$ cat target_32.txt   # compact mmCIF, C-alpha atoms and all ligand atoms
# COMPACT_ATOMS: atom_id res chain seq x y z
CA MET M 1 -79.27 -87.47 41.86
CA THR M 2 -80.17 -83.77 41.68
CA ALA M 3 -78.00 -81.41 39.63
CA THR M 4 -75.84 -78.98 41.57
CA ARG M 5 -77.44 -75.55 41.79
CA TYR M 6 -75.32 -72.45 41.64
CA PHE M 7 -76.10 -68.95 42.81
CA MET M 8 -74.44 -65.65 41.87
CA PRO M 9 -74.25 -63.22 44.81
CA ALA M 10 -75.11 -59.59 44.12
CA GLU M 11 -72.21 -57.18 43.70
CA TRP M 12 -72.97 -55.59 47.09
CA ALA M 13 -72.31 -58.90 48.90
CA LYS M 14 -68.99 -59.16 50.76
CA GLN M 15 -66.05 -59.62 48.40
CA LYS M 16 -62.71 -61.38 48.79
CA GLN M 17 -60.94 -59.49 46.03
CA THR M 18 -61.21 -57.78 42.65
CA TRP M 19 -59.62 -59.03 39.43
CA MET M 20 -58.25 -56.79 36.70
CA LEU M 21 -56.12 -57.24 33.56
CA TRP M 22 -53.39 -54.92 32.31
CA PRO M 23 -54.09 -53.01 29.04
CA GLU M 24 -51.51 -53.02 26.29
CA ARG M 25 -52.87 -53.69 22.81
CA PRO M 26 -52.10 -50.67 20.62
CA ASP M 27 -55.05 -51.21 18.26
CA ASN M 28 -57.43 -50.53 21.16
CA TRP M 29 -55.51 -48.23 23.51
CA ARG M 30 -53.89 -45.08 22.19
CA LEU M 31 -50.20 -44.30 22.48
CA GLY M 32 -49.19 -47.86 23.23
CA ALA M 33 -51.71 -47.98 26.09
CA LYS M 34 -49.63 -45.69 28.34
CA PRO M 35 -52.55 -43.34 29.20
CA ALA M 36 -54.81 -46.37 29.74
CA GLN M 37 -52.23 -47.99 32.00
CA ALA M 38 -52.22 -44.84 34.13
CA ALA M 39 -56.04 -44.91 34.32
CA PHE M 40 -56.13 -48.63 35.21
CA THR M 41 -53.50 -48.00 37.89
CA LEU M 42 -55.73 -45.34 39.46
CA VAL M 43 -58.64 -47.80 39.48
CA ALA M 44 -56.55 -50.59 41.01
CA ARG M 45 -55.19 -48.28 43.71
CA ALA M 46 -58.66 -46.92 44.50
CA ILE M 47 -60.04 -50.44 44.94
CA ALA M 48 -56.98 -51.42 46.99
CA ARG M 49 -58.09 -48.90 49.62
CA PHE M 50 -60.99 -51.28 50.34
CA GLN M 51 -59.87 -54.82 49.45
CA PRO M 52 -57.19 -56.87 47.68
CA VAL M 53 -56.80 -56.61 43.91
CA THR M 54 -55.14 -59.12 41.57
CA VAL M 55 -54.00 -57.85 38.16
CA GLY M 56 -53.22 -60.30 35.36
CA VAL M 57 -50.47 -59.18 32.98
CA ASN M 58 -48.97 -60.50 29.75
CA ALA M 59 -45.34 -61.57 30.09
CA ASP M 60 -43.97 -58.67 28.04
CA GLN M 61 -45.59 -56.11 30.35
CA TYR M 62 -44.97 -57.88 33.64
CA ASP M 63 -42.17 -55.67 34.95
CA ASN M 64 -43.84 -52.46 33.84
CA ALA M 65 -47.16 -53.40 35.45
CA TYR M 66 -45.51 -54.71 38.60
CA ASN M 67 -43.54 -51.52 39.13
CA ARG M 68 -46.42 -49.18 38.34
CA LEU M 69 -48.97 -51.03 40.45
CA LYS M 70 -46.77 -51.62 43.49
CA HIS M 71 -49.07 -51.50 46.53
CA PRO M 72 -49.48 -53.75 49.59
CA ASN M 73 -53.02 -54.68 48.53
CA ILE M 74 -52.27 -55.31 44.83
CA ARG M 75 -50.96 -58.66 43.57
CA VAL M 76 -49.62 -58.89 40.01
CA VAL M 77 -49.66 -62.28 38.26
CA GLU M 78 -48.52 -63.27 34.79
CA LEU M 79 -51.66 -64.19 32.86
CA SER M 80 -51.96 -63.91 29.09
CA SER M 81 -54.93 -62.16 27.55
CA ASP M 82 -55.82 -60.46 24.29
CA ASP M 83 -57.15 -57.36 26.04
CA ALA M 84 -58.11 -56.12 29.48
CA TRP M 85 -61.89 -56.57 29.92
CA VAL M 86 -62.02 -59.05 32.78
CA ARG M 87 -65.72 -58.39 33.41
CA ASP M 88 -66.27 -60.18 30.11
CA THR M 89 -63.36 -62.60 29.83
CA GLY M 90 -63.02 -63.50 33.51
CA PRO M 91 -65.22 -65.95 35.37
CA THR M 92 -68.56 -65.09 36.91
CA PHE M 93 -68.12 -66.31 40.47
CA VAL M 94 -70.97 -68.33 41.94
CA LEU M 95 -71.58 -70.36 45.09
CA ASP M 96 -72.89 -73.90 45.19
CA GLN M 97 -75.40 -75.23 47.71
CA GLN M 98 -72.62 -75.92 50.21
CA GLY M 99 -71.40 -72.34 49.92
CA GLN M 100 -68.32 -73.43 47.94
CA LEU M 101 -66.96 -71.02 45.36
CA ALA M 102 -67.12 -71.98 41.67
CA GLY M 103 -66.85 -69.97 38.48
CA ILE M 104 -68.77 -69.85 35.24
CA ASP M 105 -66.39 -69.82 32.27
CA TRP M 106 -68.57 -68.37 29.52
CA GLU M 107 -67.58 -69.05 25.95
CA PHE M 108 -66.17 -65.75 24.64
CA ASN M 109 -66.10 -64.47 21.02
CA ALA M 110 -64.81 -60.88 21.38
CA TRP M 111 -68.31 -59.38 21.39
CA GLY M 112 -69.54 -60.86 18.14
CA GLY M 113 -66.90 -63.11 16.59
CA LEU M 114 -66.47 -62.61 12.88
CA GLN M 115 -69.80 -60.74 12.70
CA GLY M 116 -68.87 -57.41 14.19
CA GLY M 117 -66.54 -58.68 16.92
CA LEU M 118 -64.00 -56.14 18.11
CA TYR M 119 -60.75 -57.96 17.31
CA PHE M 120 -59.31 -61.24 16.12
CA PRO M 121 -58.10 -63.61 17.49
CA TRP M 122 -59.52 -63.88 21.02
CA GLN M 123 -58.24 -67.29 22.07
CA ARG M 124 -56.17 -66.04 25.02
CA ASP M 125 -59.13 -63.99 26.26
CA ASP M 126 -61.24 -67.13 26.11
CA GLN M 127 -58.75 -68.85 28.45
CA VAL M 128 -58.73 -66.08 31.08
CA ALA M 129 -61.66 -67.37 33.14
CA ARG M 130 -60.27 -70.89 33.39
CA LYS M 131 -56.82 -69.59 34.39
CA ILE M 132 -58.24 -67.32 37.10
CA LEU M 133 -60.28 -70.22 38.49
CA GLN M 134 -57.20 -72.45 38.47
CA LEU M 135 -55.22 -69.78 40.34
CA GLU M 136 -58.00 -69.66 42.94
CA ASN M 137 -58.18 -73.47 43.02
CA CYS M 138 -61.86 -73.37 42.36
CA GLN M 139 -64.23 -75.39 40.19
CA SER M 140 -64.72 -74.17 36.64
CA ILE M 141 -68.03 -74.60 34.81
CA ARG M 142 -67.50 -74.10 31.08
CA THR M 143 -70.51 -73.09 28.97
CA GLU M 144 -69.47 -74.57 25.63
CA GLY M 145 -72.16 -73.59 23.14
CA LEU M 146 -73.25 -70.52 25.09
CA VAL M 147 -71.46 -67.26 24.31
CA LEU M 148 -71.88 -64.63 27.00
CA GLU M 149 -70.00 -61.83 28.74
CA GLY M 150 -70.20 -60.81 32.38
CA GLY M 151 -71.05 -57.20 31.45
CA ALA M 152 -74.19 -58.41 29.70
CA PHE M 153 -76.12 -59.08 32.92
CA HIS M 154 -76.61 -57.87 36.48
CA VAL M 155 -78.24 -59.82 39.31
CA ASP M 156 -79.90 -58.70 42.53
CA GLY M 157 -78.87 -61.82 44.49
CA GLU M 158 -82.55 -62.53 45.16
CA GLY M 159 -83.45 -64.32 41.96
CA THR M 160 -83.68 -61.53 39.38
CA LEU M 161 -81.40 -60.87 36.41
CA LEU M 162 -81.30 -57.77 34.20
CA THR M 163 -80.10 -57.94 30.60
CA THR M 164 -80.69 -56.51 27.13
CA ALA M 165 -82.17 -58.20 24.09
CA GLU M 166 -79.84 -56.11 21.91
CA CYS M 167 -76.89 -58.09 23.25
CA LEU M 168 -78.12 -61.53 24.28
CA LEU M 169 -80.41 -62.02 21.29
CA ASN M 170 -77.89 -60.61 18.83
CA PRO M 171 -77.25 -63.17 16.07
CA ASN M 172 -73.52 -62.64 16.58
CA ARG M 173 -73.65 -64.37 20.00
CA ASN M 174 -75.93 -67.44 20.05
CA PRO M 175 -77.78 -67.59 16.71
CA ASN M 176 -79.11 -71.07 17.40
CA LEU M 177 -80.60 -70.39 20.82
CA THR M 178 -84.07 -68.93 21.35
CA ALA M 179 -84.75 -66.39 24.08
CA ALA M 180 -86.39 -69.16 26.10
CA ALA M 181 -83.32 -71.38 25.74
CA ILE M 182 -81.03 -68.54 26.83
CA GLU M 183 -83.29 -67.84 29.82
CA ALA M 184 -83.10 -71.49 30.83
CA LYS M 185 -79.30 -71.41 30.74
CA LEU M 186 -79.09 -68.18 32.74
CA LYS M 187 -81.35 -69.72 35.35
CA GLN M 188 -79.25 -72.88 35.45
CA TYR M 189 -75.84 -71.18 35.72
CA LEU M 190 -76.68 -68.17 37.88
CA GLY M 191 -79.46 -69.50 40.08
CA VAL M 192 -81.98 -66.85 39.01
CA GLU M 193 -85.72 -67.25 38.47
CA LYS M 194 -86.75 -64.09 36.66
CA ILE M 195 -85.08 -62.42 33.66
CA ILE M 196 -85.90 -58.78 32.90
CA TRP M 197 -85.20 -58.00 29.25
CA LEU M 198 -84.52 -54.36 28.40
CA PRO M 199 -84.83 -53.89 24.65
CA GLU M 200 -81.52 -52.09 24.17
CA GLY M 201 -78.47 -50.75 25.95
CA LEU M 202 -76.74 -47.41 25.41
CA PHE M 203 -76.37 -45.92 21.92
CA ASN M 204 -73.06 -46.79 20.22
CA ASP M 205 -72.00 -49.23 22.89
CA GLU M 206 -69.61 -51.46 20.94
CA THR M 207 -70.55 -54.49 23.06
CA ASN M 208 -74.02 -54.45 21.45
CA GLY M 209 -75.64 -52.89 24.46
CA HIS M 210 -74.21 -54.39 27.63
CA VAL M 211 -76.56 -53.72 30.49
CA ASP M 212 -73.70 -52.79 32.84
CA ASN M 213 -73.28 -49.54 30.93
CA PHE M 214 -76.97 -48.71 31.11
CA CYS M 215 -78.86 -50.09 34.09
CA CYS M 216 -77.99 -51.88 37.34
CA PHE M 217 -79.48 -52.91 40.66
CA VAL M 218 -78.57 -50.70 43.61
CA CYS M 219 -80.31 -53.02 46.09
CA PRO M 220 -83.08 -55.62 45.82
CA GLY M 221 -86.13 -53.98 44.27
CA GLU M 222 -84.30 -50.81 43.09
CA VAL M 223 -82.50 -50.09 39.83
CA LEU M 224 -80.45 -47.21 38.47
CA LEU M 225 -81.08 -46.39 34.80
CA ALA M 226 -78.95 -44.09 32.62
CA TRP M 227 -81.23 -41.27 31.60
CA THR M 228 -81.75 -38.34 29.25
CA ASP M 229 -84.73 -36.00 28.95
CA ASP M 230 -83.49 -34.72 25.60
CA PRO M 231 -85.63 -36.08 22.74
CA GLN M 232 -82.80 -35.21 20.32
CA ASP M 233 -80.41 -37.55 22.11
CA PRO M 234 -80.16 -40.97 20.38
CA ASN M 235 -80.44 -42.48 23.84
CA TYR M 236 -83.86 -40.93 24.46
CA ALA M 237 -85.92 -43.74 22.91
CA ARG M 238 -83.67 -46.36 24.53
CA CYS M 239 -84.20 -44.85 27.99
CA GLN M 240 -87.96 -44.58 27.46
CA ALA M 241 -88.20 -48.18 26.29
CA ALA M 242 -86.20 -49.44 29.28
CA LEU M 243 -88.31 -47.40 31.70
CA ALA M 244 -91.48 -48.85 30.23
CA VAL M 245 -90.21 -52.38 30.88
CA LEU M 246 -88.89 -51.64 34.36
CA THR M 247 -92.09 -49.97 35.53
CA SER M 248 -94.35 -52.70 34.23
CA THR M 249 -92.60 -55.76 35.58
CA GLN M 250 -92.08 -57.44 38.94
CA ASP M 251 -88.88 -59.01 40.16
CA ALA M 252 -88.51 -62.63 41.28
CA LYS M 253 -89.92 -61.73 44.70
CA GLY M 254 -93.00 -60.11 43.16
CA ARG M 255 -91.85 -56.54 43.93
CA SER M 256 -92.44 -53.61 41.59
CA LEU M 257 -89.12 -51.94 40.88
CA LYS M 258 -88.19 -48.47 42.07
CA VAL M 259 -86.33 -46.78 39.21
CA HIS M 260 -83.68 -44.12 39.91
CA LYS M 261 -82.57 -42.05 36.93
CA MET M 262 -78.86 -41.36 36.50
CA PRO M 263 -78.28 -38.43 34.14
CA LEU M 264 -76.08 -39.23 31.17
CA PRO M 265 -73.03 -37.02 30.78
CA GLN M 266 -73.26 -34.54 27.92
CA ALA M 267 -72.21 -36.11 24.60
CA VAL M 268 -68.55 -37.17 24.71
CA TYR M 269 -66.46 -37.72 21.54
CA ALA M 270 -62.88 -38.79 21.01
CA THR M 271 -60.65 -36.10 19.51
CA ALA M 272 -58.92 -36.59 16.15
CA GLU M 273 -55.61 -36.67 18.01
CA GLU M 274 -56.83 -39.40 20.36
CA CYS M 275 -58.06 -41.51 17.44
CA ALA M 276 -54.78 -41.02 15.58
CA GLY M 277 -52.95 -42.54 18.54
CA VAL M 278 -54.64 -45.93 18.05
CA ASP M 279 -53.01 -48.43 15.65
CA TRP M 280 -55.14 -49.05 12.59
CA VAL M 281 -55.49 -52.82 12.22
CA ILE M 282 -57.88 -54.60 9.87
CA GLY M 283 -60.33 -56.62 11.97
CA SER M 284 -60.06 -54.33 15.00
CA GLN M 285 -62.60 -51.68 15.90
CA PRO M 286 -61.71 -48.48 14.03
CA ARG M 287 -61.66 -45.21 16.02
CA GLU M 288 -63.40 -42.15 14.53
CA PRO M 289 -63.79 -38.73 16.13
CA SER M 290 -67.32 -38.43 14.72
CA GLN M 291 -68.62 -41.35 16.82
CA ARG M 292 -70.30 -40.55 20.10
CA LEU M 293 -68.71 -42.51 22.92
CA ALA M 294 -70.92 -44.64 25.16
CA ALA M 295 -70.18 -42.63 28.32
CA SER M 296 -72.27 -43.58 31.36
CA TYR M 297 -71.97 -43.20 35.12
CA VAL M 298 -73.82 -46.50 35.60
CA ASN M 299 -70.58 -48.32 34.73
CA PHE M 300 -69.36 -48.24 38.35
CA LEU M 301 -68.06 -50.98 40.63
CA LEU M 302 -69.15 -51.82 44.18
CA VAL M 303 -66.38 -52.90 46.55
CA ASN M 304 -66.45 -53.57 50.30
CA GLY M 305 -67.50 -50.20 51.69
CA GLY M 306 -66.97 -48.30 48.45
CA VAL M 307 -68.28 -47.29 45.04
CA ILE M 308 -65.66 -46.72 42.33
CA ALA M 309 -67.32 -44.71 39.58
CA PRO M 310 -66.31 -43.06 36.31
CA SER M 311 -66.06 -39.32 35.68
CA PHE M 312 -65.64 -37.52 32.38
CA GLY M 313 -64.56 -34.00 33.32
CA VAL M 314 -68.02 -32.56 32.57
CA ALA M 315 -70.64 -30.72 34.62
CA GLU M 316 -72.75 -33.85 35.15
CA ASP M 317 -69.94 -35.48 37.17
CA VAL M 318 -71.16 -33.65 40.28
CA LEU M 319 -74.76 -34.80 39.78
CA ALA M 320 -73.55 -38.37 39.42
CA ALA M 321 -71.46 -38.19 42.58
CA ASN M 322 -74.37 -36.73 44.54
CA LEU M 323 -76.80 -39.38 43.35
CA LEU M 324 -74.40 -42.24 44.08
CA GLU M 325 -73.81 -40.84 47.58
CA LYS M 326 -77.55 -40.73 48.14
CA LEU M 327 -78.06 -44.27 46.85
CA PHE M 328 -75.13 -45.74 48.79
CA PRO M 329 -75.02 -43.78 52.07
CA GLU M 330 -72.97 -46.49 53.81
CA ARG M 331 -70.23 -46.48 51.18
CA LYS M 332 -67.46 -44.10 50.25
CA VAL M 333 -68.05 -42.89 46.68
CA ILE M 334 -64.90 -42.29 44.63
CA LEU M 335 -65.12 -40.85 41.11
CA LEU M 336 -62.05 -41.42 38.96
CA PRO M 337 -61.13 -39.83 35.62
CA SER M 338 -62.04 -42.56 33.17
CA ARG M 339 -61.85 -40.97 29.72
CA GLU M 340 -58.95 -43.22 28.73
CA ILE M 341 -60.97 -46.34 29.62
CA LEU M 342 -63.97 -44.98 27.74
CA LEU M 343 -61.81 -44.40 24.65
CA GLY M 344 -61.07 -48.14 24.70
CA GLY M 345 -64.78 -48.97 24.61
CA GLY M 346 -65.89 -49.50 28.20
CA ASN M 347 -65.49 -48.28 31.74
CA ILE M 348 -64.69 -49.21 35.33
CA HIS M 349 -67.22 -52.04 35.71
CA CYS M 350 -66.01 -53.56 32.43
CA ILE M 351 -62.36 -53.72 33.54
CA THR M 352 -63.05 -55.30 36.94
CA GLN M 353 -64.51 -58.56 38.25
CA GLN M 354 -65.49 -59.16 41.85
CA GLN M 355 -64.77 -62.42 43.64
CA PRO M 356 -67.25 -62.90 46.48
CA ALA M 357 -66.08 -63.83 49.95
CA VAL M 358 -66.94 -67.37 50.98
CA THR M 359 -68.67 -67.14 54.28
CA GLY M 360 -69.56 -70.82 54.57
O1 LIG L 1 -67.41 -52.70 27.87
C1 LIG L 1 -67.03 -53.81 27.87
N1 LIG L 1 -67.52 -54.68 28.71
C2 LIG L 1 -66.01 -54.31 26.94
C3 LIG L 1 -65.69 -53.36 25.89
C4 LIG L 1 -64.72 -53.93 24.93
C5 LIG L 1 -64.20 -52.91 24.05
C6 LIG L 1 -63.09 -53.40 23.20
N2 LIG L 1 -62.62 -52.36 22.38
$ encode --input "target_32.txt" --output "structure tokens" --more "lines below"
Ligand code: KQY
Amino acid sequence: MTATRYFMPAEWAKQKQTWMLWPERPDNWRLGAKPAQAAFTLVARAIARFQPVTVGVNADQYDNAYNRLKHPNIRVVELSSDDAWVRDTGPTFVLDQQGQLAGIDWEFNAWGGLQGGLYFPWQRDDQVARKILQLENCQSIRTEGLVLEGGAFHVDGEGTLLTTAECLLNPNRNPNLTAAAIEAKLKQYLGVEKIIWLPEGLFNDETNGHVDNFCCFVCPGEVLLAWTDDPQDPNYARCQAALAVLTSTQDAKGRSLKVHKMPLPQAVYATAEECAGVDWVIGSQPREPSQRLAASYVNFLLVNGGVIAPSFGVAEDVLAANLLEKLFPERKVILLPSREILLGGGNIHCITQQQPAVTG
């Protein structure tokens, strides 16, 4: 009997809906998460212009979320979680050979467990994927013994996967697995044939360099890479190293990659006041105004007919919008103010998870 093969569609494939989770933890989101809740609501409503959205909410916030999110295309369900990063805690949806939907339920350790993880405990987060798959009545494939997050890879839907060694080979994820063993598992679960390893992600990204904040596919054979020409920028060497890999490799179909460069926004920092609004809890990521935030326009989401992208209130926002419009001429590009999401450690792609449409 042959093992079932699964395949992860690219993000630009037709989607049934988007999943989100409601932010509330005060040791990650300032001011009791009220500004973050407003930012998440904007994201949910923007996506709802294109397709249905389901938002999972802890019981204590159910009424608040339900009333704030009210929209004909937004469903609110009670679903416990430790935080609101469904890209990482939700399932990665895949299709089997019959075109049936299934989901990969990656083992989750809060981006590093007790070695630099971002909070403790994370047990409810680790149950999110299974619960979403149960709500959708769809098969769940648990990867016990393989820690991974959905923001740590991108696929082109034609056999190629992009990731970073900084994250996947970090000893705080899978210390007992070699790169070759991790490659084999990615191939098995996601139906890919070629893994492209960028050395690092963006500077100061608290996920240990998730690729979804740094580089993504825009279509088969073309990638978008966060970019700076400033040698003084700590991202300079990271961008150069990624470009060297991308321009010297072929994808699974044997194509050389076309690399588009997305300018990074000017350096963004949290203010002292913003940091003071976050509860100080031992074991949770401390917030310091001196730390550069990992702001990047690459952290956008594709939806049916749209691109939902971050903006930071800086001059580069216009450049980003123009480039995204050029790269996705068939889609409506919407930039949303995302500083509050950035302050929590990620951006729009990190707080969303697409569920592909099953076309049979
Ligand atoms: O960016 C992400 N995919 C997750 C970020 C988690 C930050 C927790 N403070």
$ residues_near_ligand --input "target_32.txt" --ligand "ligand LIG 1 (chain L)" --cutoff "7 Å" --atoms "all atoms listed in the file" --output "list in words"
Asn28, Trp85, Arg87, Asp88, Leu118, Gly151, Glu206, Thr207, His210, Gln285, Gly344, Gly345, Gly346, Asn347 and Cys350 of chain M
$ atom_distance --input "target_32.txt" --atom1 "CA of Thr359 (chain M)" --atom2 "CA of Lys14 (chain M)"
8.7 Å
$ closest_atom_pairs --input "target_32.txt" --of "region 2-50 of chain M" --to "region 125-146 of chain M" --cutoff "12 Å" --atoms "all atoms listed in the file" --output "CSV"
residue,atom,partner,partner_atom,distance
M:Thr4,CA,M:Ile141,CA,11.2
M:Arg5,CA,M:Ile141,CA,11.8
M:Tyr6,CA,M:Ile141,CA,10.2
M:Lys16,CA,M:Glu136,CA,11.2
M:Gln17,CA,M:Glu136,CA,11.0
M:Thr18,CA,M:Ile132,CA,11.4
M:Trp19,CA,M:Ile132,CA,8.7
M:Met20,CA,M:Ile132,CA,10.5
M:Leu21,CA,M:Val128,CA,9.5
$ write_last_selection --input "target_32.txt" --atoms "C-alpha atoms" --output "PDB file, in the frame of the given file"
ATOM      1  CA  THR M   4     -75.840 -78.980  41.570  1.00  0.00           C
ATOM      2  CA  ARG M   5     -77.440 -75.550  41.790  1.00  0.00           C
ATOM      3  CA  TYR M   6     -75.320 -72.450  41.640  1.00  0.00           C
ATOM      4  CA  LYS M  16     -62.710 -61.380  48.790  1.00  0.00           C
ATOM      5  CA  GLN M  17     -60.940 -59.490  46.030  1.00  0.00           C
ATOM      6  CA  THR M  18     -61.210 -57.780  42.650  1.00  0.00           C
ATOM      7  CA  TRP M  19     -59.620 -59.030  39.430  1.00  0.00           C
ATOM      8  CA  MET M  20     -58.250 -56.790  36.700  1.00  0.00           C
ATOM      9  CA  LEU M  21     -56.120 -57.240  33.560  1.00  0.00           C
TER      10      LEU M  21
END
$ residues_around --input "target_32.txt" --residues "Gly103 (chain M)" --least-positions-apart "5" --cutoff "6 Å" --atoms "only C-alpha atoms" --output "list in words"
Pro91, Thr92, Phe93, Val94 and Ser140 of chain M
$ write_last_selection --input "target_32.txt" --atoms "C-alpha atoms" --output "compact mmCIF listing (two decimals), in the coordinates of the input"
# COMPACT_ATOMS: atom_id res chain seq x y z
CA PRO M 91 -65.22 -65.95 35.37
CA THR M 92 -68.56 -65.09 36.91
CA PHE M 93 -68.12 -66.31 40.47
CA VAL M 94 -70.97 -68.33 41.94
CA SER M 140 -64.72 -74.17 36.64
$ closest_residue --input "target_32.txt" --among "M:Gly113, M:Val218, M:Asn235, M:Leu342" --to "Pro175 (chain M)" --atoms "only C-alpha atoms"
M:Gly113
